[in-house]
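> Pasting a structure here, questions to come.
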Amino acid sequence: MIVQGERIIAVDPAVVWRLALDPATLKACIPGCEDLERADGQTYRATMVAKIGPVKARFSGQVSIDESEMPSACRLTGEGSGGVAGFAKGRALVRVQSSDGGSRLSYEADVNIGGKLASLGERLFRSIVERNIDSFFDTLQDVCSKEAAE
């Protein structure tokens with residue numbers, strides 16, 4: 001499943017990147033994130049609780065961030081397992097460019113699911129993924145706005 005979108009955030013791209021790649025900010029922005037720690041280099045281990053339709057599960061997984069295209073873009077790859085609930089894995093390209101009034105942040109992600117999660121259907125899963133992405137970027141935007149106000 002491909003999901004994509006964009007946001008305008010009213011701060012400089014360097015501020016967006018600094019905050020978006022900070023482990024404490026990431027933990028605060030990821031819905032249901034209970035723990036996020038750097039494993040090594042740009043690989044993070046995470047634990048989160050997600051409710052997807054009637055399925056609620058604790059997921060453990062990891063995300064790797066490839067910063068080789070910085071400062072214009074980064075690539076993420078990740079996977080997580082929720083035991084009997086199933087698994088999710090995916091990859092994303094996130095771009096941040098200067099824009100009038102701040103930064104234009106755009107993303108394109110490819111997400112795959114299996115197990116009980118897959119039985120819920122793409123339509124329900126898509127709406128939940130999009131809601132979580134919106135929540136992530138809403139929180140990031142709030143963090144960036146507070147940083148700019150200080």
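Letters A, B, ... mark the chains of the structure tokens in the order given; residue numbers begin at 1 per chain; ligand numbers begin at 1, in order shown.
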Just list the residues in region 6-149 of chain A DSSP gives strand (DSSP E or B) on the backbone, as a short mmCIF file (atom, residue, chain, number, x, y, z; two decimals) with N, CA and C atoms, in the first residue's frame.


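Output file part12.cif is given in full below:
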data_model
loop_
_atom_site.label_atom_id
_atom_site.label_comp_id
_atom_site.auth_asym_id
_atom_site.auth_seq_id
_atom_site.Cartn_x
_atom_site.Cartn_y
_atom_site.Cartn_z
N GLU A 6 1.97 15.73 1.99
CA GLU A 6 2.93 16.80 2.26
C GLU A 6 2.37 17.74 3.30
N ARG A 7 3.28 18.50 3.89
CA ARG A 7 2.95 19.48 4.91
C ARG A 7 3.83 20.70 4.73
N ILE A 8 3.32 21.83 5.14
CA ILE A 8 4.12 23.04 5.25
C ILE A 8 4.34 23.26 6.75
N ILE A 9 5.60 23.41 7.14
CA ILE A 9 5.93 23.66 8.53
C ILE A 9 6.68 24.99 8.56
N CYS A 33 3.98 5.11 20.82
CA CYS A 33 5.37 4.72 21.07
C CYS A 33 5.64 4.69 22.58
N GLU A 34 6.09 3.53 23.06
CA GLU A 34 6.43 3.38 24.47
C GLU A 34 7.93 3.51 24.71
N ASP A 35 8.72 3.09 23.74
CA ASP A 35 10.16 3.10 23.90
C ASP A 35 10.81 3.27 22.53
N LEU A 36 11.86 4.07 22.49
CA LEU A 36 12.63 4.26 21.26
C LEU A 36 14.08 4.48 21.67
N GLU A 37 14.95 3.63 21.19
CA GLU A 37 16.36 3.79 21.52
C GLU A 37 17.22 3.49 20.31
N ARG A 38 18.34 4.18 20.25
CA ARG A 38 19.28 3.98 19.15
C ARG A 38 19.99 2.64 19.37
N ALA A 39 19.93 1.78 18.36
CA ALA A 39 20.61 0.49 18.44
C ALA A 39 22.07 0.66 18.04
N ASP A 40 22.28 1.29 16.90
CA ASP A 40 23.62 1.61 16.42
C ASP A 40 23.48 2.53 15.22
N THR A 43 20.16 3.20 13.28
CA THR A 43 19.12 2.18 13.48
C THR A 43 18.55 2.34 14.88
N TYR A 44 17.24 2.35 14.95
CA TYR A 44 16.53 2.51 16.22
C TYR A 44 15.66 1.29 16.47
N ARG A 45 15.56 0.89 17.74
CA ARG A 45 14.62 -0.14 18.16
C ARG A 45 13.45 0.56 18.84
N ALA A 46 12.26 0.05 18.58
CA ALA A 46 11.08 0.70 19.14
C ALA A 46 10.07 -0.33 19.63
N THR A 47 9.29 0.10 20.62
CA THR A 47 8.13 -0.68 21.08
C THR A 47 6.96 0.29 21.08
N MET A 48 5.86 -0.17 20.51
CA MET A 48 4.68 0.68 20.47
C MET A 48 3.42 -0.16 20.59
N VAL A 49 2.37 0.47 21.04
CA VAL A 49 1.07 -0.18 21.12
C VAL A 49 0.20 0.44 20.03
N ALA A 50 -0.43 -0.42 19.26
CA ALA A 50 -1.30 0.07 18.18
C ALA A 50 -2.65 -0.64 18.26
N LYS A 51 -3.70 0.13 18.05
CA LYS A 51 -5.04 -0.44 17.94
C LYS A 51 -5.47 -0.24 16.51
N ILE A 52 -5.64 -1.34 15.83
CA ILE A 52 -6.01 -1.30 14.42
C ILE A 52 -7.31 -2.07 14.28
N VAL A 55 -8.13 -5.11 16.57
CA VAL A 55 -6.87 -5.72 16.99
C VAL A 55 -6.01 -4.68 17.72
N LYS A 56 -5.65 -5.00 18.97
CA LYS A 56 -4.73 -4.15 19.73
C LYS A 56 -3.52 -5.01 20.06
N ALA A 57 -2.35 -4.50 19.73
CA ALA A 57 -1.14 -5.29 19.95
C ALA A 57 0.05 -4.41 20.27
N ARG A 58 1.01 -5.00 20.93
CA ARG A 58 2.29 -4.34 21.21
C ARG A 58 3.25 -4.82 20.12
N PHE A 59 3.83 -3.88 19.41
CA PHE A 59 4.76 -4.17 18.33
C PHE A 59 6.18 -3.85 18.77
N SER A 60 7.09 -4.72 18.40
CA SER A 60 8.52 -4.47 18.58
C SER A 60 9.15 -4.51 17.21
N GLY A 61 10.06 -3.59 16.98
CA GLY A 61 10.69 -3.57 15.67
C GLY A 61 11.85 -2.61 15.62
N GLN A 62 12.27 -2.35 14.41
CA GLN A 62 13.37 -1.42 14.22
C GLN A 62 13.16 -0.61 12.96
N VAL A 63 13.78 0.57 12.99
CA VAL A 63 13.75 1.48 11.85
C VAL A 63 15.17 1.94 11.59
N SER A 64 15.57 1.93 10.32
CA SER A 64 16.87 2.45 9.92
C SER A 64 16.65 3.70 9.09
N ILE A 65 17.49 4.69 9.34
CA ILE A 65 17.40 5.97 8.63
C ILE A 65 18.66 6.15 7.81
N ASP A 66 18.47 6.29 6.50
CA ASP A 66 19.59 6.53 5.59
C ASP A 66 19.62 8.02 5.29
N ALA A 73 16.73 15.02 1.65
CA ALA A 73 15.86 13.86 1.85
C ALA A 73 16.52 12.82 2.74
N CYS A 74 15.70 11.93 3.29
CA CYS A 74 16.20 10.74 3.97
C CYS A 74 15.26 9.58 3.64
N ARG A 75 15.81 8.38 3.74
CA ARG A 75 15.04 7.17 3.49
C ARG A 75 14.95 6.37 4.78
N LEU A 76 13.76 5.83 5.02
CA LEU A 76 13.53 5.01 6.19
C LEU A 76 13.12 3.61 5.75
N THR A 77 13.60 2.60 6.45
CA THR A 77 13.13 1.24 6.27
C THR A 77 12.87 0.68 7.65
N GLY A 78 11.81 -0.07 7.77
CA GLY A 78 11.49 -0.61 9.09
C GLY A 78 10.59 -1.81 9.02
N GLU A 79 10.56 -2.50 10.14
CA GLU A 79 9.67 -3.65 10.28
C GLU A 79 9.37 -3.86 11.74
N GLY A 80 8.19 -4.42 12.00
CA GLY A 80 7.80 -4.69 13.37
C GLY A 80 6.89 -5.89 13.43
N SER A 81 6.91 -6.54 14.58
CA SER A 81 6.07 -7.72 14.77
C SER A 81 5.20 -7.51 15.99
N PHE A 87 2.37 -8.60 11.36
CA PHE A 87 3.58 -7.81 11.18
C PHE A 87 3.31 -6.66 10.23
N ALA A 88 4.20 -5.69 10.30
CA ALA A 88 4.18 -4.59 9.35
C ALA A 88 5.62 -4.31 8.95
N LYS A 89 5.81 -3.96 7.70
CA LYS A 89 7.12 -3.53 7.25
C LYS A 89 6.93 -2.52 6.14
N GLY A 90 7.94 -1.69 5.96
CA GLY A 90 7.79 -0.69 4.93
C GLY A 90 9.04 0.13 4.75
N ARG A 91 8.91 1.05 3.82
CA ARG A 91 9.99 1.98 3.53
C ARG A 91 9.36 3.30 3.13
N ALA A 92 10.13 4.37 3.35
CA ALA A 92 9.60 5.70 3.04
C ALA A 92 10.72 6.61 2.59
N LEU A 93 10.35 7.57 1.77
CA LEU A 93 11.23 8.66 1.36
C LEU A 93 10.60 9.94 1.89
N VAL A 94 11.39 10.69 2.67
CA VAL A 94 10.91 11.95 3.23
C VAL A 94 11.80 13.05 2.69
N ARG A 95 11.17 14.08 2.13
CA ARG A 95 11.91 15.23 1.59
C ARG A 95 11.51 16.49 2.35
N VAL A 96 12.49 17.35 2.57
CA VAL A 96 12.22 18.65 3.17
C VAL A 96 12.91 19.69 2.29
N GLN A 97 12.12 20.66 1.81
CA GLN A 97 12.64 21.71 0.94
C GLN A 97 12.20 23.07 1.47
N SER A 98 13.02 24.08 1.23
CA SER A 98 12.63 25.44 1.59
C SER A 98 11.37 25.82 0.84
N SER A 99 10.51 26.54 1.52
CA SER A 99 9.26 26.99 0.94
C SER A 99 8.94 28.35 1.53
N GLY A 102 8.79 28.79 5.38
CA GLY A 102 9.35 27.68 6.13
C GLY A 102 9.81 26.51 5.28
N SER A 103 9.19 25.36 5.51
CA SER A 103 9.63 24.12 4.87
C SER A 103 8.44 23.35 4.30
N ARG A 104 8.67 22.78 3.13
CA ARG A 104 7.68 21.87 2.54
C ARG A 104 8.21 20.45 2.79
N LEU A 105 7.48 19.70 3.59
CA LEU A 105 7.84 18.34 3.92
C LEU A 105 6.91 17.41 3.13
N SER A 106 7.49 16.51 2.35
CA SER A 106 6.68 15.56 1.59
C SER A 106 7.18 14.15 1.89
N TYR A 107 6.28 13.19 1.76
CA TYR A 107 6.64 11.80 2.03
C TYR A 107 5.91 10.87 1.07
N GLU A 108 6.54 9.75 0.83
CA GLU A 108 5.91 8.65 0.11
C GLU A 108 6.37 7.38 0.80
N ALA A 109 5.41 6.57 1.23
CA ALA A 109 5.72 5.34 1.96
C ALA A 109 5.03 4.15 1.32
N ASP A 110 5.69 3.02 1.39
CA ASP A 110 5.15 1.75 0.93
C ASP A 110 5.08 0.84 2.15
N VAL A 111 3.86 0.48 2.58
CA VAL A 111 3.64 -0.29 3.80
C VAL A 111 3.02 -1.63 3.44
N ASN A 112 3.56 -2.70 4.04
CA ASN A 112 3.02 -4.04 3.85
C ASN A 112 2.68 -4.64 5.20
N ILE A 113 1.56 -5.38 5.26
CA ILE A 113 1.14 -6.00 6.50
C ILE A 113 0.83 -7.47 6.27
N GLY A 114 0.85 -8.24 7.36
CA GLY A 114 0.52 -9.65 7.28
C GLY A 114 -0.10 -10.11 8.59
#

> Neighbours of Gly115 (chain A) within 9 Å (only C-alpha atoms; same-chain residues fewer than 2 positions away dropped), as a ChimeraX atom specification?

/A:83-87,113,117-119

> Keeping only N, CA and C atoms, write the selected residues to a file as a PDB file, in the first residue's frame.


ATOM      1  N   GLY A  83       3.409 -10.175  17.253  1.00  0.00           N
ATOM      2  CA  GLY A  83       3.041 -11.535  17.647  1.00  0.00           C
ATOM      3  C   GLY A  83       1.914 -12.064  16.781  1.00  0.00           C
ATOM      4  N   VAL A  84       0.867 -12.606  17.424  1.00  0.00           N
ATOM      5  CA  VAL A  84      -0.237 -13.194  16.663  1.00  0.00           C
ATOM      6  C   VAL A  84      -1.015 -12.158  15.866  1.00  0.00           C
ATOM      7  N   ALA A  85      -0.880 -10.870  16.242  1.00  0.00           N
ATOM      8  CA  ALA A  85      -1.587  -9.825  15.495  1.00  0.00           C
ATOM      9  C   ALA A  85      -1.036  -9.672  14.088  1.00  0.00           C
ATOM     10  N   GLY A  86       0.235 -10.028  13.906  1.00  0.00           N
ATOM     11  CA  GLY A  86       0.814  -9.935  12.573  1.00  0.00           C
ATOM     12  C   GLY A  86       2.051  -9.077  12.549  1.00  0.00           C
ATOM     13  N   PHE A  87       2.369  -8.604  11.360  1.00  0.00           N
ATOM     14  CA  PHE A  87       3.581  -7.809  11.184  1.00  0.00           C
ATOM     15  C   PHE A  87       3.306  -6.662  10.229  1.00  0.00           C
ATOM     16  N   ILE A 113       1.565  -5.376   5.262  1.00  0.00           N
ATOM     17  CA  ILE A 113       1.136  -6.000   6.505  1.00  0.00           C
ATOM     18  C   ILE A 113       0.834  -7.473   6.270  1.00  0.00           C
ATOM     19  N   LEU A 117      -3.660  -8.582  10.960  1.00  0.00           N
ATOM     20  CA  LEU A 117      -3.791  -7.217  10.441  1.00  0.00           C
ATOM     21  C   LEU A 117      -4.270  -7.217   8.995  1.00  0.00           C
ATOM     22  N   ALA A 118      -3.720  -8.121   8.202  1.00  0.00           N
ATOM     23  CA  ALA A 118      -4.081  -8.178   6.784  1.00  0.00           C
ATOM     24  C   ALA A 118      -5.546  -8.553   6.597  1.00  0.00           C
ATOM     25  N   SER A 119      -6.100  -9.313   7.549  1.00  0.00           N
ATOM     26  CA  SER A 119      -7.496  -9.727   7.409  1.00  0.00           C
ATOM     27  C   SER A 119      -8.465  -8.560   7.600  1.00  0.00           C
TER      28      SER A 119
END

> Taking only C-alpha atoms into account, name the residue in A:Met1, A:Pro71, A:Thr25, A:Ala10 that is nearest to Ala149 (chain A).

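Going through A:Met1, A:Pro71, A:Thr25, A:Ala10 one by one, the smallest distance to Ala149 (chain A) is for A:Ala10.
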
> Name the residues of region 1-42 of chain A that fall into alpha helix (DSSP H) according to DSSP on the backbone, using the chain letters and numbers of this document, as an MDAnalysis selection string.

chainID A and resid 13:20 23:29

> Those same residues - C-alpha atoms - I'd like them written as a compact mmCIF listing (two decimals), in the first residue's frame.


# COMPACT_ATOMS: atom_id res chain seq x y z
CA PRO A 13 14.44 22.98 6.94
CA ALA A 14 17.51 22.62 9.20
CA VAL A 15 15.24 22.91 12.26
CA VAL A 16 12.79 20.37 10.84
CA TRP A 17 15.60 17.85 10.24
CA ARG A 18 17.23 18.44 13.62
CA LEU A 19 13.97 17.82 15.45
CA ALA A 20 12.66 15.05 13.19
CA PRO A 23 15.15 10.29 19.29
CA ALA A 24 13.17 12.11 22.01
CA THR A 25 11.16 14.04 19.41
CA LEU A 26 10.58 10.89 17.37
CA LYS A 27 9.26 9.06 20.43
CA ALA A 28 6.90 11.93 21.20
CA CYS A 29 5.65 12.07 17.59

> Report, in Å with one decimal, the straight-line distance from CA of Val11 (chain A) to CA of Phe136 (chain A).

16.7 Å

> Arg131 (chain A): which residues within 12 Å, counting only C-alpha atoms, same-chain residues fewer than 4 positions away excluded, as a PDB file with N, CA and C atoms, in the first residue's frame?


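Once everything was written out, this is around-v2.pdb:
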ATOM      1  N   VAL A   3       1.243   5.270   0.498  1.00  0.00           N
ATOM      2  CA  VAL A   3       0.635   6.458   1.081  1.00  0.00           C
ATOM      3  C   VAL A   3       1.592   7.621   0.862  1.00  0.00           C
ATOM      4  N   GLY A   5       1.927  12.248   0.980  1.00  0.00           N
ATOM      5  CA  GLY A   5       1.330  13.516   1.357  1.00  0.00           C
ATOM      6  C   GLY A   5       2.409  14.552   1.570  1.00  0.00           C
ATOM      7  N   ILE A  30       5.567   9.622  17.448  1.00  0.00           N
ATOM      8  CA  ILE A  30       5.039   8.339  16.969  1.00  0.00           C
ATOM      9  C   ILE A  30       3.871   7.924  17.854  1.00  0.00           C
ATOM     10  N   PRO A  31       2.668   7.829  17.291  1.00  0.00           N
ATOM     11  CA  PRO A  31       1.505   7.442  18.089  1.00  0.00           C
ATOM     12  C   PRO A  31       1.713   6.069  18.738  1.00  0.00           C
ATOM     13  N   LYS A  51      -3.696   0.128  18.049  1.00  0.00           N
ATOM     14  CA  LYS A  51      -5.037  -0.440  17.944  1.00  0.00           C
ATOM     15  C   LYS A  51      -5.468  -0.241  16.508  1.00  0.00           C
ATOM     16  N   ILE A  52      -5.640  -1.340  15.827  1.00  0.00           N
ATOM     17  CA  ILE A  52      -6.011  -1.304  14.417  1.00  0.00           C
ATOM     18  C   ILE A  52      -7.315  -2.073  14.278  1.00  0.00           C
ATOM     19  N   LEU A 124      -9.554  -0.264   5.671  1.00  0.00           N
ATOM     20  CA  LEU A 124      -9.475   0.082   7.086  1.00  0.00           C
ATOM     21  C   LEU A 124      -8.029   0.387   7.475  1.00  0.00           C
ATOM     22  N   PHE A 125      -7.102  -0.462   7.034  1.00  0.00           N
ATOM     23  CA  PHE A 125      -5.704  -0.269   7.381  1.00  0.00           C
ATOM     24  C   PHE A 125      -5.180   1.054   6.830  1.00  0.00           C
ATOM     25  N   ARG A 126      -5.553   1.391   5.608  1.00  0.00           N
ATOM     26  CA  ARG A 126      -5.116   2.662   5.006  1.00  0.00           C
ATOM     27  C   ARG A 126      -5.584   3.841   5.846  1.00  0.00           C
ATOM     28  N   SER A 127      -6.833   3.836   6.272  1.00  0.00           N
ATOM     29  CA  SER A 127      -7.343   4.972   7.046  1.00  0.00           C
ATOM     30  C   SER A 127      -6.601   5.098   8.374  1.00  0.00           C
ATOM     31  N   SER A 135      -1.127  12.301  12.637  1.00  0.00           N
ATOM     32  CA  SER A 135      -0.813  12.552  14.038  1.00  0.00           C
ATOM     33  C   SER A 135       0.679  12.810  14.226  1.00  0.00           C
ATOM     34  N   PHE A 136       1.518  12.012  13.561  1.00  0.00           N
ATOM     35  CA  PHE A 136       2.966  12.195  13.638  1.00  0.00           C
ATOM     36  C   PHE A 136       3.341  13.608  13.192  1.00  0.00           C
ATOM     37  N   PHE A 137       2.861  14.020  12.015  1.00  0.00           N
ATOM     38  CA  PHE A 137       3.235  15.320  11.482  1.00  0.00           C
ATOM     39  C   PHE A 137       2.583  16.482  12.238  1.00  0.00           C
ATOM     40  N   ASP A 138       1.383  16.271  12.799  1.00  0.00           N
ATOM     41  CA  ASP A 138       0.776  17.306  13.650  1.00  0.00           C
ATOM     42  C   ASP A 138       1.665  17.565  14.862  1.00  0.00           C
TER      43      ASP A 138
END

> Report, in Å with one decimal, the straight-line distance from CA of Pro54 (chain A) to CA of Val129 (chain A).

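Taking CA of Pro54 (chain A) as the start and CA of Val129 (chain A) as the end point, the length is 14.8 Å.
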
> Between A:Asp100, A:Gly32, A:Glu69, A:Asp12, which one has atoms that come closest to Gln141 (chain A), using only C-alpha atoms?

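Checking each of A:Asp100, A:Gly32, A:Glu69, A:Asp12 against Gln141 (chain A), counting only C-alpha atoms, the winner is A:Asp12.
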
> Hey, can you check how far CA of Arg123 (chain A) sits from CA of Asp142 (chain A)?

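Pair CA of Arg123 (chain A) / CA of Asp142 (chain A) returns 28.7 Å.
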
> Using only C-alpha atoms, which of the listed residues (A:Lys116, A:Gly101, A:Gln4, A:Ile133) sits closest to Gly82 (chain A)?

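Closest candidate: A:Lys116.
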
> My list of candidates is A:Gly53, A:Glu122, A:Ser68, A:Asp22. Which is closest to Val143 (chain A) when distances are computed with only C-alpha atoms?

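Result for the nearest residue to Val143 (chain A): A:Asp22.
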